[in-house]
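start_37.txt (compact mmCIF, C-alpha atoms and all ligand atoms)
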# COMPACT_ATOMS: atom_id res chain seq x y z
CA MET A 12 20.82 -2.08 -9.94
CA PRO A 13 18.70 -5.15 -9.36
CA VAL A 14 15.16 -4.76 -10.50
CA VAL A 15 12.36 -6.83 -11.84
CA ALA A 16 10.21 -5.31 -14.56
CA ASP A 17 6.85 -6.96 -14.59
CA ALA A 18 5.57 -6.17 -18.09
CA PRO A 19 3.23 -5.09 -19.51
CA THR A 20 2.27 -2.76 -16.66
CA LEU A 21 5.94 -2.33 -15.84
CA LYS A 22 5.65 -2.87 -12.16
CA LEU A 23 9.07 -2.32 -10.78
CA VAL A 24 10.31 -3.86 -7.63
CA ARG A 25 13.83 -3.23 -6.48
CA THR A 26 15.64 -5.95 -4.66
CA ASP A 27 18.55 -6.22 -2.29
CA PRO A 28 21.68 -4.53 -3.65
CA GLU A 29 23.42 -7.90 -4.07
CA GLU A 30 20.65 -9.34 -6.16
CA PRO A 31 21.33 -9.54 -9.87
CA ILE A 32 18.94 -7.93 -12.33
CA ARG A 33 16.31 -10.46 -13.27
CA ARG A 34 13.72 -9.92 -15.91
CA PRO A 35 11.03 -12.55 -16.28
CA ALA A 36 10.92 -13.98 -19.79
CA ALA A 37 7.16 -13.55 -19.92
CA ALA A 38 4.85 -11.43 -17.82
CA PRO A 39 2.94 -13.53 -15.30
CA ARG A 40 -0.73 -13.84 -16.07
CA ARG A 41 -2.51 -11.25 -14.02
CA ARG A 42 -5.95 -11.93 -12.63
CA THR A 43 -6.40 -9.84 -9.48
CA ARG A 44 -8.28 -6.85 -10.79
CA ARG A 45 -6.75 -4.43 -8.31
CA VAL A 46 -4.21 -4.57 -5.53
CA ILE A 47 -4.77 -2.06 -2.75
CA SER A 48 -2.04 -1.58 -0.16
CA VAL A 49 -2.62 0.33 3.05
CA GLY A 50 0.47 1.97 4.53
CA GLY A 51 1.49 5.14 6.24
CA GLY A 52 4.81 4.88 8.00
CA LYS A 53 3.61 5.21 11.57
CA GLY A 54 2.34 2.41 13.79
CA GLY A 55 -1.07 2.42 15.44
CA ILE A 56 -2.72 4.88 13.06
CA GLY A 57 -5.47 2.54 11.84
CA LYS A 58 -3.96 0.74 8.81
CA SER A 59 -5.32 -2.65 9.85
CA LEU A 60 -8.75 -1.31 10.83
CA ILE A 61 -9.01 0.50 7.51
CA SER A 62 -7.89 -2.59 5.54
CA ALA A 63 -10.46 -4.78 7.30
CA ASN A 64 -13.40 -2.39 7.06
CA LEU A 65 -12.66 -1.36 3.49
CA GLY A 66 -12.50 -5.06 2.61
CA ILE A 67 -15.90 -5.62 4.23
CA GLU A 68 -17.37 -2.61 2.43
CA LEU A 69 -16.12 -3.81 -0.98
CA ALA A 70 -17.27 -7.39 -0.31
CA ARG A 71 -20.74 -6.09 0.59
CA ARG A 72 -20.86 -4.48 -2.82
CA GLY A 73 -20.44 -7.87 -4.39
CA LYS A 74 -16.69 -7.62 -5.02
CA ARG A 75 -14.60 -10.68 -4.33
CA VAL A 76 -11.99 -9.54 -1.85
CA VAL A 77 -9.03 -11.14 -0.12
CA LEU A 78 -7.37 -9.34 2.76
CA VAL A 79 -3.68 -10.09 3.06
CA ASP A 80 -1.90 -9.48 6.33
CA ALA A 81 1.40 -8.23 4.93
CA ASP A 82 2.58 -6.89 8.27
CA LEU A 83 5.50 -9.28 8.39
CA GLY A 84 6.38 -9.91 11.99
CA GLY A 85 3.40 -8.03 13.48
CA ALA A 86 0.43 -9.86 12.05
CA ASN A 87 -2.90 -9.21 13.75
CA LEU A 88 -5.48 -8.70 11.02
CA HIS A 89 -7.26 -11.92 12.05
CA THR A 90 -7.91 -10.39 15.50
CA THR A 91 -9.33 -7.24 13.91
CA LEU A 92 -11.74 -9.51 12.03
CA GLY A 93 -12.55 -11.46 15.17
CA ILE A 94 -11.26 -14.83 14.04
CA ASP A 95 -8.74 -17.13 15.68
CA LEU A 96 -5.38 -17.49 14.01
CA PRO A 97 -6.10 -19.82 11.11
CA ARG A 98 -4.33 -23.15 10.83
CA ARG A 99 -2.67 -22.09 7.61
CA THR A 100 -0.92 -18.73 7.39
CA LEU A 101 1.39 -16.84 5.09
CA SER A 102 4.30 -18.70 6.69
CA ASP A 103 3.11 -21.93 5.06
CA PHE A 104 3.12 -20.25 1.68
CA ILE A 105 6.46 -18.50 2.14
CA GLU A 106 8.07 -21.72 3.37
CA ARG A 107 6.55 -23.54 0.39
CA LYS A 108 4.49 -25.93 2.51
CA VAL A 109 1.69 -25.03 0.10
CA GLN A 110 2.07 -24.16 -3.55
CA ARG A 111 -0.54 -21.48 -4.11
CA ILE A 112 -1.47 -18.46 -2.03
CA GLU A 113 -5.11 -19.54 -2.44
CA ASP A 114 -4.22 -22.52 -0.25
CA VAL A 115 -3.80 -20.20 2.74
CA VAL A 116 -6.95 -18.12 2.21
CA THR A 117 -9.31 -18.59 5.17
CA PRO A 118 -13.01 -17.70 5.12
CA THR A 119 -13.87 -14.79 7.41
CA GLY A 120 -17.53 -15.56 7.90
CA ILE A 121 -18.31 -12.59 5.64
CA GLU A 122 -19.43 -13.48 2.17
CA ASP A 123 -16.86 -12.79 -0.56
CA LEU A 124 -14.19 -11.83 1.97
CA GLY A 125 -11.21 -14.11 2.50
CA LEU A 126 -8.14 -13.63 4.66
CA VAL A 127 -4.53 -14.54 4.21
CA SER A 128 -3.39 -14.44 7.76
CA GLY A 129 0.01 -13.07 8.57
CA ALA A 130 3.14 -14.95 9.35
CA LEU A 131 3.68 -15.32 13.05
CA ASP A 132 7.11 -15.85 14.62
CA HIS A 133 8.75 -17.28 11.54
CA LEU A 134 12.07 -15.64 10.84
CA ASP A 135 11.88 -16.55 7.17
CA ALA A 136 8.48 -15.02 6.77
CA ALA A 137 9.28 -11.89 8.78
CA ASN A 138 12.26 -11.22 6.58
CA PRO A 139 11.70 -13.09 3.34
CA LYS A 140 14.44 -13.58 0.82
CA TYR A 141 14.16 -11.82 -2.49
CA ALA A 142 12.78 -14.84 -4.32
CA GLN A 143 10.22 -15.47 -1.58
CA LYS A 144 9.06 -11.88 -1.71
CA MET A 145 8.71 -11.90 -5.48
CA ARG A 146 6.79 -15.17 -5.40
CA PHE A 147 4.45 -13.71 -2.78
CA LEU A 148 3.78 -10.56 -4.81
CA ARG A 149 3.32 -12.54 -8.02
CA HIS A 150 0.78 -14.81 -6.37
CA VAL A 151 -1.09 -11.84 -4.88
CA GLN A 152 -1.37 -10.33 -8.36
CA GLN A 153 -2.56 -13.60 -9.81
CA MET A 154 -5.31 -14.37 -7.31
CA ASP A 155 -8.70 -14.75 -8.92
CA VAL A 156 -10.38 -11.92 -7.00
CA ASP A 157 -11.55 -8.37 -7.65
CA TYR A 158 -9.47 -6.81 -4.89
CA ALA A 159 -6.49 -7.97 -2.89
CA ILE A 160 -5.93 -5.63 0.05
CA LEU A 161 -2.48 -5.66 1.63
CA ASP A 162 -2.33 -4.45 5.22
CA LEU A 163 1.22 -3.17 5.58
CA GLY A 164 3.43 -2.90 8.62
CA ALA A 165 4.76 0.36 10.04
CA GLY A 166 8.02 1.98 8.99
CA THR A 167 9.82 2.40 5.69
CA HIS A 168 11.57 -0.95 5.41
CA ALA A 169 12.32 -1.98 1.83
CA ASN A 170 9.74 -4.79 2.03
CA VAL A 171 7.00 -2.39 3.11
CA LEU A 172 7.88 0.00 0.29
CA ASP A 173 7.96 -2.78 -2.29
CA PHE A 174 4.52 -4.01 -1.20
CA PHE A 175 3.27 -0.45 -1.47
CA LEU A 176 4.82 0.03 -4.92
CA VAL A 177 3.36 -3.12 -6.40
CA SER A 178 -0.20 -1.95 -5.78
CA ASP A 179 -2.65 -0.17 -8.04
CA HIS A 180 -3.95 1.86 -5.12
CA GLY A 181 -1.19 2.74 -2.68
CA VAL A 182 -3.20 4.12 0.24
CA LEU A 183 -1.44 6.50 2.60
CA VAL A 184 -3.08 6.70 6.03
CA LEU A 185 -2.48 9.88 7.96
CA VAL A 186 -3.73 11.00 11.34
CA PRO A 187 -3.87 14.74 12.05
CA GLU A 188 -0.96 14.94 14.48
CA PRO A 189 2.37 16.56 13.64
CA THR A 190 4.44 13.40 14.20
CA ALA A 191 2.07 11.28 12.15
CA VAL A 192 2.01 13.84 9.33
CA GLU A 193 5.83 13.87 9.33
CA ASN A 194 5.92 10.07 9.19
CA ALA A 195 3.41 9.99 6.36
CA TYR A 196 5.51 12.38 4.27
CA ARG A 197 8.64 10.39 5.07
CA PHE A 198 6.91 7.19 4.00
CA VAL A 199 5.52 8.49 0.73
CA LYS A 200 8.80 10.23 -0.15
CA ALA A 201 10.75 7.02 0.53
CA ALA A 202 8.33 5.12 -1.69
CA PHE A 203 8.68 7.72 -4.40
CA TRP A 204 12.49 7.66 -4.43
CA ARG A 205 12.51 3.88 -4.42
CA ARG A 206 10.28 3.89 -7.46
CA MET A 207 12.42 6.55 -9.15
CA ARG A 208 15.55 4.47 -8.58
CA ASN A 209 13.78 1.37 -9.89
CA VAL A 210 12.80 3.17 -13.07
CA ALA A 211 16.33 4.57 -13.46
CA SER A 212 17.76 1.05 -13.09
CA VAL A 213 15.45 -0.53 -15.61
CA TYR A 214 16.28 2.08 -18.25
CA GLY A 215 19.99 2.23 -17.39
CA TYR A 216 19.87 5.81 -16.07
CA ASP A 217 21.69 4.97 -12.85
CA PRO A 218 24.96 6.73 -13.68
CA LEU A 219 23.08 9.78 -14.97
CA LEU A 220 20.86 9.96 -11.88
CA ARG A 221 23.85 9.50 -9.57
CA SER A 222 25.94 12.17 -11.23
CA VAL A 223 23.06 14.67 -11.25
CA MET A 224 22.26 13.99 -7.60
CA GLU A 225 25.88 14.29 -6.57
CA GLY A 226 26.01 17.66 -8.34
CA GLY A 227 23.48 19.37 -6.12
CA THR A 228 20.46 19.25 -3.87
CA PHE A 229 17.00 19.38 -5.33
CA LYS A 230 13.91 20.89 -3.82
CA SER A 231 11.60 18.54 -5.65
CA PRO A 232 11.58 15.63 -8.08
CA VAL A 233 10.37 18.04 -10.76
CA GLU A 234 13.54 20.10 -10.30
CA LEU A 235 15.65 16.96 -10.45
CA VAL A 236 14.03 15.81 -13.67
CA ALA A 237 14.48 19.27 -15.20
CA THR A 238 18.23 19.01 -14.54
CA ILE A 239 18.33 15.49 -16.01
CA SER A 240 16.48 16.76 -19.09
CA GLU A 241 19.21 19.33 -19.70
CA ARG A 242 21.76 16.52 -19.90
CA ASP A 243 19.61 13.88 -21.58
CA PRO A 244 16.22 15.05 -22.91
CA ASP A 245 14.99 11.50 -23.66
CA ALA A 246 15.80 10.30 -20.15
CA GLY A 247 14.16 13.42 -18.72
CA ARG A 248 10.98 12.85 -20.70
CA ASN A 249 10.82 9.20 -19.70
CA LEU A 250 11.40 9.89 -16.01
CA ALA A 251 8.81 12.70 -16.08
CA ARG A 252 6.29 10.27 -17.52
CA HIS A 253 6.93 7.77 -14.72
CA LEU A 254 6.91 10.55 -12.16
CA ALA A 255 3.41 11.55 -13.20
CA LEU A 256 2.27 7.95 -12.69
CA PHE A 257 3.11 8.01 -8.99
CA ARG A 258 -0.24 8.92 -7.40
CA PRO A 259 -0.83 7.78 -3.84
CA ARG A 260 -4.35 7.78 -2.41
CA LEU A 261 -4.84 9.55 0.90
CA ILE A 262 -7.09 8.68 3.86
CA VAL A 263 -7.20 10.91 6.94
CA ASN A 264 -8.08 8.83 9.99
CA GLN A 265 -9.02 9.80 13.54
CA ALA A 266 -10.23 13.28 12.67
CA ARG A 267 -11.54 14.99 15.83
CA THR A 268 -12.29 18.58 14.81
CA PRO A 269 -13.82 20.21 11.72
CA GLN A 270 -10.33 21.59 10.94
CA ASP A 271 -8.95 18.03 10.93
CA ALA A 272 -11.31 17.26 8.09
CA ASP A 273 -9.57 19.93 5.98
CA ILE A 274 -6.17 18.30 6.38
CA GLY A 275 -6.71 15.94 3.45
CA ALA A 276 -7.07 18.75 0.94
CA ALA A 277 -4.17 20.64 2.56
CA VAL A 278 -1.83 17.64 2.26
CA VAL A 279 -2.74 17.16 -1.40
CA THR A 280 -2.04 20.85 -2.07
CA ALA A 281 1.27 20.75 -0.19
CA TRP A 282 2.34 17.57 -1.98
CA ARG A 283 1.65 19.26 -5.32
CA LYS A 284 3.32 22.52 -4.34
CA TYR A 285 6.49 21.18 -2.72
CA PHE A 286 6.91 17.87 -4.47
CA GLY A 287 5.26 18.64 -7.80
CA LEU A 288 3.26 15.40 -7.68
CA GLU A 289 -0.38 14.40 -7.51
CA MET A 290 -2.26 12.54 -4.78
CA ASP A 291 -5.92 11.48 -4.71
CA PHE A 292 -7.83 12.17 -1.52
CA LEU A 293 -10.21 9.29 -0.72
CA GLY A 294 -11.84 10.62 2.43
CA THR A 295 -11.79 11.21 6.16
CA ILE A 296 -12.70 8.85 9.01
CA SER A 297 -13.59 10.53 12.28
CA TYR A 298 -12.20 9.49 15.64
CA ASP A 299 -14.95 7.33 17.05
CA ASP A 300 -15.07 5.49 20.37
CA ASP A 301 -17.03 2.78 18.61
CA MET A 302 -13.92 2.04 16.58
CA TRP A 303 -11.78 1.00 19.53
CA ARG A 304 -14.76 -0.59 21.27
CA ALA A 305 -15.19 -2.76 18.19
CA VAL A 306 -11.50 -3.71 18.42
CA ARG A 307 -11.95 -4.75 22.04
CA ALA A 308 -15.02 -6.74 21.14
CA ARG A 309 -13.00 -8.38 18.33
CA ARG A 310 -15.70 -7.39 15.86
CA PRO A 311 -15.11 -5.20 12.82
CA LEU A 312 -16.83 -1.82 13.07
CA LEU A 313 -18.83 -2.40 9.91
CA MET A 314 -20.34 -5.55 11.43
CA GLU A 315 -20.76 -4.18 14.96
CA ARG A 316 -21.96 -0.60 14.35
CA PRO A 317 -22.61 -0.13 10.64
CA ASP A 318 -24.55 3.12 11.14
CA VAL A 319 -22.05 5.23 13.09
CA PRO A 320 -20.37 8.03 11.11
CA ALA A 321 -16.94 6.32 11.10
CA ALA A 322 -18.51 3.23 9.54
CA ARG A 323 -20.38 5.26 6.96
CA SER A 324 -17.17 6.97 5.87
CA PHE A 325 -15.98 3.62 4.47
CA ALA A 326 -18.82 3.80 1.97
CA ALA A 327 -17.57 7.20 0.78
CA ILE A 328 -13.99 5.90 0.60
CA ALA A 329 -15.08 2.86 -1.41
CA ASP A 330 -17.03 5.17 -3.74
CA SER A 331 -13.88 7.24 -4.33
CA LEU A 332 -11.79 4.13 -5.01
CA LEU A 333 -14.29 2.64 -7.42
CA ALA A 334 -14.52 5.99 -9.21
CA LEU A 335 -10.73 6.00 -9.62
CA ASP A 336 -10.91 2.47 -11.04
CA LEU A 337 -13.41 3.67 -13.62
CA THR A 338 -11.32 6.63 -14.68
CA ALA A 339 -8.26 4.34 -14.74
CA LYS A 340 -6.08 6.88 -12.95
CA THR A 341 -2.73 5.35 -12.28
CA GLY A 342 -1.58 4.49 -8.79
CA VAL A 343 1.86 4.35 -7.23
CA GLY A 344 2.98 1.21 -8.98
CA ALA A 345 1.40 1.51 -12.42
N1 LIG A 401 -11.00 6.23 13.66
C1 LIG A 401 -10.63 5.76 14.83
N2 LIG A 401 -11.31 6.08 15.98
C2 LIG A 401 -10.91 5.61 17.18
N3 LIG A 401 -9.87 4.82 17.38
C3 LIG A 401 -9.16 4.44 16.31
C4 LIG A 401 -9.49 4.88 14.97
N4 LIG A 401 -8.60 4.35 14.12
C5 LIG A 401 -7.75 3.61 14.85
N5 LIG A 401 -8.09 3.66 16.17
C6 LIG A 401 -7.39 3.02 17.30
O1 LIG A 401 -6.06 2.77 16.90
C7 LIG A 401 -5.70 1.43 17.22
C8 LIG A 401 -4.71 0.93 16.22
O2 LIG A 401 -5.33 0.67 14.97
P1 LIG A 401 -4.68 -0.36 13.95
O3 LIG A 401 -4.27 -1.59 14.63
O4 LIG A 401 -5.57 -0.45 12.79
O5 LIG A 401 -3.37 0.49 13.58
P2 LIG A 401 -2.17 0.06 12.61
O6 LIG A 401 -1.79 1.29 11.87
O7 LIG A 401 -2.55 -1.13 11.81
O8 LIG A 401 -1.04 -0.30 13.66
P3 LIG A 401 0.30 -1.19 13.43
O9 LIG A 401 1.25 -0.33 12.66
O10 LIG A 401 0.75 -1.46 14.83
O11 LIG A 401 -0.11 -2.42 12.68
C9 LIG A 401 -7.02 0.68 17.23
O12 LIG A 401 -6.95 -0.45 18.07
C10 LIG A 401 -8.00 1.70 17.73
O13 LIG A 401 -8.02 1.68 19.13
MG MG A 402 -1.68 -3.04 11.65

Take the structure in this file and express it as structure tokens.
Ligand SMILES: Nc1ncnc2c1ncn2[C@@H]1O[C@H](COP(=O)(O)OP(=O)(O)OP(=O)(O)O)[C@@H](O)[C@H]1O
Ligand SMILES: [Mg+2]
Amino acid sequence: MPVVADAPTLKLVRTDPEEPIRRPAAAPRRRTRRVISVGGGKGGIGKSLISANLGIELARRGKRVVLVDADLGGANLHTTLGIDLPRRTLSDFIERKVQRIEDVVTPTGIEDLGLVSGALDHLDAANPKYAQKMRFLRHVQQMDVDYAILDLGAGTHANVLDFFLVSDHGVLVLVPEPTAVENAYRFVKAAFWRRMRNVASVYGYDPLLRSVMEGGTFKSPVELVATISERDPDAGRNLARHLALFRPRLIVNQARTPQDADIGAAVVTAWRKYFGLEMDFLGTISYDDDMWRAVRARRPLLMERPDVPAARSFAAIADSLLALDLTAKTGVGA
């Protein structure tokens, strides 16, 4: 199965089924300290607002941050930041009108915060070819910044999952409503299985994985790996190691009641119990009228109303992220 292994961190990105396996001769030089991607399956849950405000919070702490509007086809991060669509966008980079992704970084008016604006109405950019996608991800990882934050689109399209899987911090946004919770689980499960298949491809476990999966249904990845271990203990050990590395970060947004605030811990517990995997809870953002008012005013909340509770929760979320960086806990793509 076609896969690129991006040594030495072994970032695995699966490609279209027709694509041949390609392994770069040498690992690209990596400069971006951390890639954060913000996803969650459902539309309208606050992914873009969280990307923008988290970016502002990190920039205020002296980190060099670039926000990347990776919502291919639905780009609007520039509006969230209150700036007009820049002259140069991701389209120019994807269509090779410029050579480096840095060439499409626009200042946001906030110190240390740049923006790569999304691709608007360009078929190529909305559905990039494999090589275009890989070039984009490689350039994101090589930007000379502390944090690149990818604002992802809704859904579980392969591109969205691959952007999520390439990050150090794959942030799952969840709002406390049954449909949104369902979508969040669907999204994170799809990302997990994509990563599992990528790992299986790289190590040549495809036939083994296929035959085990055809042989029965599995309640959890842990159960699946146990069955693989019975057939091939080395493969089982290796897959278990990669499985433990998949650790999404969770943000609960639009919490309205005290019970909503408990959902984060409950989701982490359920994920562990039913899926056998870990997840790091970053924090809760309350539902706040100031949030949508800020959107209407085309001003980020952290600039418009830095003292409201929703704005202050970004400080707590940034604290949690920075703490994870210090303890070097692996993320979804490590
Ligand atoms: N904490 C909050 N309090 C109040 N309103 C919120 C909050 N978070 C998000 N919203 C509302 O949700 C709307 C959608 O937010 P946003 O555009 O960030 O979602 P999204 O997940 O990026 O959507 P899409 O998938 O369409 O890109 C905002 O315009 C705002 O009105
Ligand atoms: Mg969005």

What residues of the protein or nucleic acid chains come within 8 Å of ligand LIG 401 (chain A) when you use only C-alpha atoms and all ligand atoms? Reply as a VMD selection string.
chain A and resid 50 to 62 82 85 to 87 91 162 to 165 264 to 266 296 to 304 306 to 307 321

Using the file's own x, y and z axes, so that the box edges lie along x, y and z, what centre and edge lengths in Å (one decimal) does a box around every listed atom of stretch 55-71 of chain A get when 5 Å is added on each side? Give it as AutoDock Vina command-line options.
--center_x -10.9 --center_y -1.3 --center_z 7.2 --size_x 29.7 --size_y 22.3 --size_z 26.4

Identify which of the residues A:Ile105, A:Val116, A:Ile121, A:Ala277 lies closest to A:Arg72, counting all atoms listed in the file when measuring atom-to-atom distances.
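That would be A:Ile121, the residue with the smallest distance to A:Arg72.
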
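Of the listed residues A:Ala81, A:Ala211, A:Arg98, A:Leu92, the one whose atoms come nearest to A:Lys144 is A:Ala81, with distances taken using only C-alpha atoms.
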
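Across the model, the gap from atom CA of A:Ala237 to atom CA of A:Asn249 is 11.6 Å.
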
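Using all atoms listed in the file, the nearest neighbour of ligand MG 402 (chain A) within the list A:Val184, A:Leu124, A:Leu96, A:Leu220 is A:Val184.
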
Proximity to ligand MG 402 (chain A) - best of A:Val46, A:Leu161, A:Leu69, A:Met314, all atoms listed in the file
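Distance minimum relative to ligand MG 402 (chain A) lands on A:Leu161.
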
Separating atom CA of A:Gly294 from atom CA of A:Ile160, to the nearest tenth of an Å, is a gap of 17.5 Å

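Taking all atoms listed in the file into account, A:Tyr158 lies nearest to A:Ile47 out of the set A:Ile47, A:Ala195, A:Val115, A:Ala305.
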
Please compute the atom CA of A:Ile67-atom CA of A:Val319 distance, one decimal, in Å.
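That distance, rounded to one decimal, is 15.3 Å.
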
Of the candidates A:Ser178, A:Asn64, A:Thr100, A:Thr190, which one gets nearest to A:Arg323 if we count all atoms listed in the file?
A:Asn64

Which polymer residues have any atom within 7 Å of an atom of A:Thr117, counting only C-alpha atoms, with same-chain residues fewer than 3 positions away left out, as a list in words?
Pro97, Gly125, Leu126 and Val127 of chain A

Closest pair table for stretch 238-265 of chain A residues within 12 Å of stretch 324-341 of chain A, all atoms listed in the file, as a Markdown table:
| residue | atom | partner | partner_atom | distance |
| --- | --- | --- | --- | --- |
| A:Arg252 | CA | A:Thr341 | CA | 11.5 |
| A:His253 | CA | A:Thr341 | CA | 10.3 |
| A:Leu254 | CA | A:Thr341 | CA | 11.0 |
| A:Ala255 | CA | A:Thr341 | CA | 8.8 |
| A:Leu256 | CA | A:Thr341 | CA | 5.7 |
| A:Phe257 | CA | A:Thr341 | CA | 7.2 |
| A:Arg258 | CA | A:Thr341 | CA | 6.5 |
| A:Pro259 | CA | A:Thr341 | CA | 9.0 |
| A:Arg260 | CA | A:Leu332 | CA | 8.7 |
| A:Leu261 | CA | A:Ile328 | CA | 9.9 |
| A:Ile262 | CA | A:Ile328 | CA | 8.1 |
| A:Val263 | CA | A:Ile328 | CA | 10.6 |
| A:Asn264 | CA | A:Ser324 | CA | 10.2 |
| A:Gln265 | CA | A:Ser324 | CA | 11.5 |

Contacts of A:Glu113 at 10 Å (all atoms listed in the file; same-chain gap of 6+ positions) as a short mmCIF file (atom, residue, chain, number, x, y, z; two decimals) with C-alpha atoms, in the frame of the given file:
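Result file is part21.cif:
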data_model
loop_
_atom_site.label_atom_id
_atom_site.label_comp_id
_atom_site.auth_asym_id
_atom_site.auth_seq_id
_atom_site.Cartn_x
_atom_site.Cartn_y
_atom_site.Cartn_z
CA VAL A 77 -9.03 -11.14 -0.12
CA PHE A 104 3.12 -20.25 1.68
CA GLY A 125 -11.21 -14.11 2.50
CA LEU A 126 -8.14 -13.63 4.66
CA VAL A 127 -4.53 -14.54 4.21
CA HIS A 150 0.78 -14.81 -6.37
CA VAL A 151 -1.09 -11.84 -4.88
CA GLN A 153 -2.56 -13.60 -9.81
CA MET A 154 -5.31 -14.37 -7.31
CA ASP A 155 -8.70 -14.75 -8.92
#

Would you be able to write out as number ranges by chain which residues have an atom within 12 Å of (-3.8, 15.0, 3.7) in the file's coordinates, counting only C-alpha atoms?
A: 51, 182-189, 191-193, 195-196, 199, 259-264, 266, 270-283, 289-295
